[in-house]
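One file, protein20.cif, is given below (mmCIF, C-alpha atoms (C1' of nucleotides)).
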data_data
#
loop_
_atom_site.label_atom_id
_atom_site.label_comp_id
_atom_site.auth_asym_id
_atom_site.auth_seq_id
_atom_site.Cartn_x
_atom_site.Cartn_y
_atom_site.Cartn_z
CA MET S 1 -19.14 79.22 152.53
CA SER S 2 -19.32 79.33 156.32
CA GLU S 3 -18.75 75.62 156.61
CA THR S 4 -15.27 74.26 155.98
CA SER S 5 -15.22 72.08 152.91
CA THR S 6 -13.66 68.67 153.25
CA ILE S 7 -13.87 65.44 151.33
CA ARG S 8 -16.46 63.02 152.70
CA LEU S 9 -15.17 59.83 154.22
CA SER S 10 -18.12 57.52 154.16
CA GLY S 11 -18.73 53.81 154.51
CA PRO S 12 -15.48 51.87 154.56
CA MET S 13 -13.41 55.03 154.96
CA ALA S 14 -14.96 56.26 158.17
CA PRO S 15 -13.32 56.29 160.58
CA ARG S 16 -10.38 57.10 158.44
CA ASP S 17 -8.18 54.19 157.52
CA ALA S 18 -4.46 54.23 158.04
CA TRP S 19 -3.55 52.93 154.61
CA THR S 20 -4.74 56.13 152.97
CA ALA S 21 -1.51 57.50 154.36
CA GLU S 22 0.69 54.55 153.47
CA ARG S 23 -0.44 54.30 149.89
CA CYS S 24 -1.24 57.82 148.89
CA PRO S 25 -1.15 58.75 145.22
CA MET S 26 -0.76 62.45 145.99
CA ALA S 27 2.31 61.82 148.09
CA ALA S 28 3.63 59.31 145.58
CA ALA S 29 3.42 61.81 142.74
CA PHE S 30 4.90 64.52 144.89
CA GLY S 31 7.77 62.18 145.55
CA LEU S 32 8.75 62.43 141.91
CA VAL S 33 8.37 66.18 141.56
CA ARG S 34 9.89 66.49 144.99
CA ASN S 35 11.47 69.92 144.89
CA ARG S 36 11.42 73.32 143.34
CA SER S 37 14.18 72.63 140.85
CA THR S 38 12.31 69.68 139.34
CA LEU S 39 9.23 71.82 138.97
CA LEU S 40 11.15 74.57 137.22
CA ILE S 41 12.76 72.15 134.81
CA LEU S 42 9.39 70.62 134.12
CA ARG S 43 8.03 74.07 133.38
CA GLU S 44 10.83 74.84 130.95
CA ALA S 45 10.44 71.50 129.26
CA LEU S 46 6.75 72.31 128.78
CA TYR S 47 7.79 75.66 127.36
CA GLY S 48 9.89 73.79 124.85
CA ALA S 49 13.41 73.88 126.29
CA GLU S 50 15.57 70.96 125.22
CA ARG S 51 19.16 71.89 125.92
CA PHE S 52 21.15 71.83 129.13
CA GLY S 53 22.13 75.46 129.01
CA ASP S 54 18.58 76.60 128.44
CA PHE S 55 17.30 74.62 131.38
CA ALA S 56 19.97 76.06 133.64
CA SER S 57 19.67 79.69 132.54
CA ARG S 58 15.89 79.90 132.15
CA THR S 59 15.24 78.34 135.53
CA GLY S 60 18.00 80.29 137.24
CA LEU S 61 19.32 77.05 138.68
CA SER S 62 23.02 76.50 139.07
CA GLU S 63 24.58 74.11 136.59
CA PRO S 64 25.32 71.38 139.12
CA VAL S 65 21.71 71.39 140.28
CA ALA S 66 20.33 71.47 136.76
CA ALA S 67 22.56 68.55 135.82
CA ALA S 68 21.53 66.53 138.84
CA ARG S 69 17.83 67.12 138.22
CA LEU S 70 18.00 66.34 134.52
CA LYS S 71 19.71 63.08 135.34
CA GLU S 72 17.11 62.17 137.96
CA MET S 73 14.24 63.10 135.70
CA VAL S 74 15.60 60.95 132.91
CA ALA S 75 15.98 58.09 135.40
CA ASP S 76 12.40 58.67 136.55
CA GLY S 77 11.15 58.63 132.98
CA LEU S 78 9.91 62.20 132.94
CA LEU S 79 12.46 63.24 130.34
CA ALA S 80 14.12 61.32 127.54
CA GLN S 81 17.62 62.14 126.49
CA ASP S 82 19.03 61.76 123.03
CA GLU S 83 21.39 63.53 120.67
CA TYR S 84 20.39 65.61 117.74
CA ARG S 85 22.38 67.28 115.02
CA GLU S 86 21.26 70.46 113.37
CA PRO S 87 22.44 70.64 109.77
CA GLY S 88 26.09 71.62 109.77
CA GLN S 89 26.39 71.60 113.55
CA ARG S 90 27.90 69.19 115.97
CA ALA S 91 25.66 66.74 117.80
CA ARG S 92 24.19 68.03 121.02
CA PRO S 93 22.43 66.34 123.91
CA ARG S 94 18.72 66.99 124.04
CA TYR S 95 16.15 66.48 126.79
CA ARG S 96 12.53 66.09 125.87
CA LEU S 97 9.40 65.39 127.81
CA THR S 98 8.13 61.87 127.74
CA GLU S 99 4.40 61.29 127.80
CA LYS S 100 4.80 60.48 131.48
CA GLY S 101 6.45 63.84 131.99
CA SER S 102 4.09 65.91 129.92
CA GLU S 103 1.11 64.46 131.72
CA LEU S 104 2.25 66.35 134.77
CA ALA S 105 1.05 69.48 133.00
CA PRO S 106 -2.29 69.48 134.87
CA VAL S 107 -0.38 69.67 138.14
CA LEU S 108 1.44 72.77 136.97
CA LEU S 109 -1.75 74.25 135.58
CA ALA S 110 -3.54 73.66 138.85
CA LEU S 111 -0.72 75.46 140.65
CA LYS S 112 -0.99 78.29 138.15
CA ASP S 113 -4.75 78.64 138.54
CA TRP S 114 -4.38 78.76 142.29
CA ALA S 115 -1.59 81.33 142.24
CA ASP S 116 -3.44 83.46 139.72
CA ARG S 117 -6.29 83.77 142.14
CA TRP S 118 -4.60 83.77 145.53
CA ILE S 119 -1.29 85.43 144.82
CA TYR S 120 -1.81 87.54 141.70
CA ASP S 121 -5.37 88.52 142.49
CA ASP S 122 -6.65 87.44 139.06
CA GLU S 123 -4.03 89.43 137.21
CA SER S 124 -1.73 86.65 136.11
CA PRO S 125 1.64 87.34 134.55
CA ILE S 126 0.89 84.63 132.01
CA GLU S 127 -2.13 83.37 130.18
CA LEU S 128 -2.87 80.04 128.55
CA ARG S 129 -5.27 79.86 125.65
CA HIS S 130 -6.69 77.08 123.55
CA VAL S 131 -4.83 77.16 120.26
CA ASP S 132 -7.92 76.24 118.25
CA CYS S 133 -10.34 78.82 119.60
CA GLY S 134 -8.29 81.28 121.63
CA ALA S 135 -10.37 80.87 124.76
CA PRO S 136 -8.64 80.97 128.15
CA VAL S 137 -7.94 77.65 129.80
CA ARG S 138 -8.45 76.38 133.30
CA VAL S 139 -8.35 73.24 135.37
CA GLU S 140 -11.69 71.70 136.23
CA ILE S 141 -12.72 68.89 138.52
CA ARG S 142 -15.46 66.95 136.84
CA CYS S 143 -17.13 63.59 137.28
CA ALA S 144 -17.69 61.07 134.53
CA GLU S 145 -21.29 62.26 134.24
CA GLY S 146 -19.99 65.69 133.34
CA HIS S 147 -20.92 67.46 136.56
CA GLU S 148 -18.38 70.03 137.61
CA ILE S 149 -17.21 69.79 141.20
CA GLU S 150 -16.71 73.15 142.87
CA ARG S 151 -15.99 72.18 146.43
CA ALA S 152 -14.29 69.36 148.26
CA ASN S 153 -17.46 68.35 150.10
CA GLU S 154 -19.01 67.29 146.81
CA LEU S 155 -16.44 64.50 146.81
CA GLU S 156 -16.52 61.15 148.51
CA LEU S 157 -13.43 59.11 149.29
CA LEU S 158 -13.53 55.37 148.80
CA PRO S 159 -11.04 52.51 148.64
CA GLY S 160 -9.88 51.95 145.08
CA PRO S 161 -9.18 48.76 143.14
CA GLY S 162 -5.57 48.86 144.32
CA ALA S 163 -6.51 49.21 147.98
CA ARG S 164 -5.72 45.64 148.91
CA ARG S 165 -2.67 45.11 146.81
CA ARG S 166 0.76 45.35 148.28
CA GLY S 167 3.81 46.84 146.65
CA MET W 1 2.31 60.74 119.87
CA SER W 2 5.66 60.62 118.09
CA GLU W 3 6.14 64.34 118.52
CA THR W 4 6.95 65.74 121.94
CA SER W 5 4.11 67.87 123.21
CA THR W 6 5.00 71.32 124.47
CA ILE W 7 3.09 74.52 125.01
CA ARG W 8 3.25 76.89 122.06
CA LEU W 9 5.11 80.13 122.59
CA SER W 10 3.83 82.39 119.88
CA GLY W 11 3.86 86.11 119.14
CA PRO W 12 5.16 88.09 122.08
CA MET W 13 6.43 84.97 123.85
CA ALA W 14 8.73 83.77 121.10
CA PRO W 15 11.61 83.81 121.62
CA ARG W 16 10.85 83.04 125.19
CA ASP W 17 10.87 85.98 127.53
CA ALA W 18 12.86 85.98 130.72
CA TRP W 19 10.06 87.28 132.93
CA THR W 20 8.14 84.03 132.57
CA ALA W 21 10.75 82.73 134.96
CA GLU W 22 10.79 85.71 137.29
CA ARG W 23 7.06 85.87 137.71
CA CYS W 24 5.87 82.35 137.44
CA PRO W 25 2.58 81.38 139.04
CA MET W 26 3.50 77.70 139.13
CA ALA W 27 6.66 78.41 141.08
CA ALA W 28 4.85 80.91 143.28
CA ALA W 29 2.22 78.38 144.27
CA PHE W 30 4.85 75.72 144.77
CA GLY W 31 6.58 78.15 147.10
CA LEU W 32 3.66 77.87 149.48
CA VAL W 33 3.26 74.12 149.32
CA ARG W 34 7.02 73.85 149.29
CA ASN W 35 7.64 70.44 150.83
CA ARG W 36 6.26 67.04 151.46
CA SER W 37 5.07 67.75 154.97
CA THR W 38 2.89 70.64 153.85
CA LEU W 39 1.33 68.45 151.21
CA LEU W 40 0.57 65.70 153.71
CA ILE W 41 -1.03 68.12 156.13
CA LEU W 42 -3.06 69.57 153.32
CA ARG W 43 -4.23 66.09 152.43
CA GLU W 44 -5.29 65.34 155.98
CA ALA W 45 -7.06 68.66 156.26
CA LEU W 46 -8.98 67.76 153.10
CA TYR W 47 -9.79 64.41 154.66
CA GLY W 48 -11.27 66.29 157.59
CA ALA W 49 -8.50 66.29 160.21
CA GLU W 50 -8.67 69.23 162.58
CA ARG W 51 -6.54 68.40 165.60
CA PHE W 52 -2.80 68.53 166.09
CA GLY W 53 -2.44 64.93 167.09
CA ASP W 54 -4.39 63.70 164.10
CA PHE W 55 -2.27 65.71 161.71
CA ALA W 56 0.91 64.35 163.25
CA SER W 57 -0.15 60.71 163.47
CA ARG W 58 -2.03 60.41 160.17
CA THR W 59 0.76 61.99 158.18
CA GLY W 60 3.48 60.14 160.05
CA LEU W 61 5.28 63.41 160.62
CA SER W 62 7.14 64.04 163.84
CA GLU W 63 5.46 66.45 166.22
CA PRO W 64 8.02 69.22 165.81
CA VAL W 65 7.60 69.13 162.05
CA ALA W 66 3.82 68.98 162.23
CA ALA W 67 3.81 71.93 164.62
CA ALA W 68 6.11 73.97 162.42
CA ARG W 69 4.03 73.29 159.30
CA LEU W 70 0.72 74.03 160.96
CA LYS W 71 2.09 77.34 162.13
CA GLU W 72 3.42 78.23 158.69
CA MET W 73 0.21 77.21 157.01
CA VAL W 74 -1.83 79.34 159.36
CA ALA W 75 0.53 82.25 158.67
CA ASP W 76 0.15 81.62 154.94
CA GLY W 77 -3.62 81.60 155.24
CA LEU W 78 -4.08 77.99 154.17
CA LEU W 79 -5.41 76.97 157.57
CA ALA W 80 -7.32 78.88 160.21
CA GLN W 81 -6.85 78.11 163.85
CA ASP W 82 -9.45 78.47 166.53
CA GLU W 83 -10.62 76.71 169.66
CA TYR W 84 -13.65 74.54 169.97
CA ARG W 85 -15.30 72.87 172.90
CA GLU W 86 -17.18 69.64 172.59
CA PRO W 87 -19.99 69.44 175.14
CA GLY W 88 -18.49 68.56 178.50
CA GLN W 89 -14.91 68.62 177.22
CA ARG W 90 -12.13 71.10 177.59
CA ALA W 91 -11.43 73.53 174.77
CA ARG W 92 -9.05 72.26 172.11
CA PRO W 93 -7.17 73.95 169.33
CA ARG W 94 -8.55 73.23 165.89
CA TYR W 95 -7.09 73.75 162.43
CA ARG W 96 -9.41 74.03 159.49
CA LEU W 97 -8.93 74.72 155.82
CA THR W 98 -9.58 78.21 154.65
CA GLU W 99 -11.05 78.75 151.21
CA LYS W 100 -7.53 79.60 150.08
CA GLY W 101 -6.33 76.29 151.42
CA SER W 102 -9.14 74.13 150.14
CA GLU W 103 -8.74 75.56 146.65
CA LEU W 104 -5.45 73.72 146.48
CA ALA W 105 -7.51 70.55 146.13
CA PRO W 106 -7.15 70.51 142.33
CA VAL W 107 -3.37 70.39 142.74
CA LEU W 108 -3.66 67.31 144.93
CA LEU W 109 -6.19 65.75 142.60
CA ALA W 110 -3.96 66.35 139.61
CA LEU W 111 -1.13 64.62 141.48
CA LYS W 112 -3.47 61.75 142.29
CA ASP W 113 -4.64 61.34 138.71
CA TRP W 114 -1.06 61.29 137.53
CA ALA W 115 0.08 58.76 140.11
CA ASP W 116 -2.94 56.55 139.47
CA ARG W 117 -1.88 56.24 135.87
CA TRP W 118 1.91 56.31 136.05
CA ILE W 119 2.63 54.70 139.39
CA TYR W 120 -0.38 52.54 140.18
CA ASP W 121 -1.10 51.50 136.62
CA ASP W 122 -4.77 52.51 136.84
CA GLU W 123 -5.35 50.56 140.02
CA SER W 124 -5.47 53.35 142.52
CA PRO W 125 -5.50 52.72 146.26
CA ILE W 126 -8.19 55.38 146.58
CA GLU W 127 -11.11 56.56 144.54
CA LEU W 128 -12.96 59.83 144.50
CA ARG W 129 -16.60 59.95 143.49
CA HIS W 130 -19.13 62.68 143.02
CA VAL W 131 -21.39 62.59 146.05
CA ASP W 132 -24.51 63.44 144.03
CA CYS W 133 -24.21 60.83 141.30
CA GLY W 134 -21.47 58.43 142.40
CA ALA W 135 -19.47 58.82 139.20
CA PRO W 136 -15.67 58.82 139.41
CA VAL W 137 -13.94 62.16 139.35
CA ARG W 138 -10.97 63.46 137.44
CA VAL W 139 -9.09 66.63 136.64
CA GLU W 140 -9.69 68.11 133.22
CA ILE W 141 -8.08 70.93 131.32
CA ARG W 142 -10.74 72.81 129.49
CA CYS W 143 -11.09 76.14 127.73
CA ALA W 144 -13.86 78.62 128.32
CA GLU W 145 -15.58 77.36 125.16
CA GLY W 146 -15.81 73.94 126.76
CA HIS W 147 -13.23 72.18 124.62
CA GLU W 148 -11.19 69.68 126.54
CA ILE W 149 -7.42 69.98 126.14
CA GLU W 150 -5.65 66.66 125.97
CA ARG W 151 -2.12 67.67 125.15
CA ALA W 152 0.20 70.55 125.93
CA ASN W 153 0.57 71.51 122.28
CA GLU W 154 -3.08 72.52 122.19
CA LEU W 155 -2.08 75.35 124.50
CA GLU W 156 -0.63 78.72 123.69
CA LEU W 157 1.30 80.82 126.18
CA LEU W 158 0.75 84.57 126.23
CA PRO W 159 1.56 87.46 128.54
CA GLY W 160 -1.23 88.01 131.03
CA PRO W 161 -2.77 91.19 132.43
CA GLY W 162 -0.23 91.18 135.25
CA ALA W 163 2.74 90.84 132.91
CA ARG W 164 3.84 94.45 133.18
CA ARG W 165 3.17 95.02 136.81
CA ARG W 166 5.95 94.84 139.34
CA GLY W 167 5.73 93.36 142.79
"C1'" DC H 1 -3.45 66.24 175.07
"C1'" DG H 2 -0.84 69.96 172.26
"C1'" DG H 3 2.84 71.41 171.87
"C1'" DC H 4 8.26 73.33 172.28
"C1'" DA H 5 13.60 72.64 172.87
"C1'" DT H 6 17.44 70.24 171.49
"C1'" DC H 7 20.26 67.51 168.70
"C1'" DC H 8 21.43 65.18 164.65
"C1'" DT H 9 21.34 63.63 159.76
"C1'" DT H 10 20.19 64.18 155.04
"C1'" DA H 11 18.60 66.80 151.04
"C1'" DG H 12 18.47 71.02 148.36
"C1'" DG H 13 20.96 74.31 146.19
"C1'" DG H 14 24.41 78.33 145.26
"C1'" DA H 15 29.44 79.69 143.99
"C1'" DT H 16 33.52 78.75 141.94
"C1'" DA H 17 36.63 76.44 139.25
"C1'" DC H 18 37.72 73.04 135.94
"C1'" DT H 19 37.31 69.58 131.76
"C1'" DG H 20 36.12 67.37 127.14
"C1'" DC I 1 28.63 74.15 125.10
"C1'" DA I 2 27.60 70.47 128.43
"C1'" DG I 3 28.70 69.23 131.99
"C1'" DT I 4 31.73 67.64 136.71
"C1'" DA I 5 34.22 68.46 141.23
"C1'" DT I 6 34.47 70.93 145.52
"C1'" DC I 7 32.99 73.49 149.11
"C1'" DC I 8 29.72 75.55 151.92
"C1'" DC I 9 25.30 76.99 153.74
"C1'" DT I 10 20.38 76.38 154.66
"C1'" DA I 11 16.08 73.71 154.80
"C1'" DA I 12 13.66 69.46 155.85
"C1'" DG I 13 12.72 66.21 158.98
"C1'" DG I 14 13.36 62.35 162.60
"C1'" DA I 15 14.29 61.17 167.76
"C1'" DT I 16 14.09 62.23 172.33
"C1'" DG I 17 12.70 64.58 176.19
"C1'" DC I 18 10.13 68.12 178.64
"C1'" DC I 19 6.19 71.11 179.85
"C1'" DG I 20 1.46 73.47 180.66
#

Here is the file; what I need is its structure written in the form of structure tokens.
Amino acid sequence: MSETSTIRLSGPMAPRDAWTAERCPMAAAFGLVRNRSTLLILREALYGAERFGDFASRTGLSEPVAAARLKEMVADGLLAQDEYREPGQRARPRYRLTEKGSELAPVLLALKDWADRWIYDDESPIELRHVDCGAPVRVEIRCAEGHEIERANELELLPGPGARRRG
Amino acid sequence: MSETSTIRLSGPMAPRDAWTAERCPMAAAFGLVRNRSTLLILREALYGAERFGDFASRTGLSEPVAAARLKEMVADGLLAQDEYREPGQRARPRYRLTEKGSELAPVLLALKDWADRWIYDDESPIELRHVDCGAPVRVEIRCAEGHEIERANELELLPGPGARRRG
DNA sequence: CGGCATCCTTAGGGATACTG
DNA sequence: CAGTATCCCTAAGGATGCCG
């Protein structure tokens, strides 16, 4: 643990290529989450919120901000909006996670795991368990052979299939 | 896949409790990453950057912004600053990931996995492989029993050990 | 090199009040 | 209830220039 752990840039990546900055999936994904309010709305959507008022009140966001984010997230395909009518009630707008949106869950879980350790000192305010077996859940980095990766220096960075493409 | 997938809020969490918003590990962790520039610097640190000029140029950030972020990240314990002297050279400042900082790697990898699928259509500009076996790497959600979680509705949200504590 | 000072523009976000 | 319209303040970040 004395040595700083970084990802290995070998072969075609060393010395480091400029396009890893220009076409960076991490930055691209962050560009859609973008800000705190989007993250909070994403969290509430994962917790099952569907209605405008719930998003605003449970996140603590002001209504104008909640409205702006919901609109953006629908435009970005993270949420889908429709109307639903509970029996005997008037129709109400509803916002639900798309598959694209719900697949951001690992990002939130990775943030949670990190905060649980480094902010809450392993005493998290919330716990996630596997519904089927009740065991606690965590994010793992694993290769296709099933080996778990514990540190960044077990990783090697290479150009991907989309390295040459433009757009 | 017709049903929207959300985390289950059962027992003490249903109806949803307000403190899941007040003390939210996802939001807490996001509060340290906070903005795009921090993420980019984190990325470069993971790619092995150590010097001010490299952080600024490889991220494309202006120097004032890079300087401000590096300072914040050192204050937040994500980076450690020291001086090093290459043989026959003058001493230079150096910024390296702390353990706290490098453990944010899963967050970046989760963002990458998501973008690879939803932005780059499975043709990523970059690839990460396990150094030992060369197999591609991905983020997995898994419970302590080893079951992989594929969808949010396989998860159950509960109060954690730090639920009652204040601070 | 490795920064800091200054200036400027845009984005994020709260408060308040109002509408269908 | 589900927003929208204003207004205002702060944070994020680029450009330029200077300095040890």

List the residues matched by the PyMOL selection byres ((chain S) within 6 of (chain W)) in the displayed structure as a PyMOL selection string, ordered by chain and then by residue number. chain S and resi 6-7+25-26+29+46-48+106-108+110-112+115+123-131+135-144+154-163

Identify every residue of chain H that has at least one atom within 9 Å of any atom of chain W, counting all atoms listed in the file, and report the result as a count of residues only. 4

Please expand the PyMOL selection byres ((chain I and resi 6) around 10) into the concrete residues it hits in this file, giving the result as a PyMOL selection string. (chain H and resi 16-17) or (chain I and resi 4-5+7-8)

Separation of CA of Pro12 (chain W) from CA of Asp54 (chain S), in Å and rounded to one decimal: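 Atom-to-atom, CA of Pro12 (chain W) to CA of Asp54 (chain S), that is 18.8 Å.
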
Could you tell me how far CA of Ala56 (chain W) lies from C1' of DG13 (chain I), in Å and to one decimal?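 That distance, rounded to one decimal, is 12.7 Å.
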
What is the distance between CA of Ala75 (chain S) and C1' of DG12 (chain H), in Å to one decimal? 18.5 Å

Selection under test: the PyMOL selection byres ((chain I) within 9 of (chain W)); residues as a PyMOL selection string: chain I and resi 12-15

Go ahead and save the residues from that selection, with C-alpha atoms (C1' of nucleotides), as a PDB file, in the coordinates of the input.
ATOM      1  C1'  DA I  12      13.660  69.460 155.850  1.00  0.00           C
ATOM      2  C1'  DG I  13      12.720  66.210 158.980  1.00  0.00           C
ATOM      3  C1'  DG I  14      13.360  62.350 162.600  1.00  0.00           C
ATOM      4  C1'  DA I  15      14.290  61.170 167.760  1.00  0.00           C
TER       5       DA I  15
END

Nearby residues (all atoms listed in the file) at most 12 Å from DG17 (chain I), same-chain spacing under 3 positions excluded, as a PDB file with C-alpha atoms (C1' of nucleotides), in the frame of the given file:
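Writing done, so here's part.pdb:
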ATOM      1  C1'  DC H   4       8.260  73.330 172.280  1.00  0.00           C
ATOM      2  C1'  DA H   5      13.600  72.640 172.870  1.00  0.00           C
ATOM      3  C1'  DT H   6      17.440  70.240 171.490  1.00  0.00           C
ATOM      4  C1'  DC H   7      20.260  67.510 168.700  1.00  0.00           C
TER       5       DC H   7
END
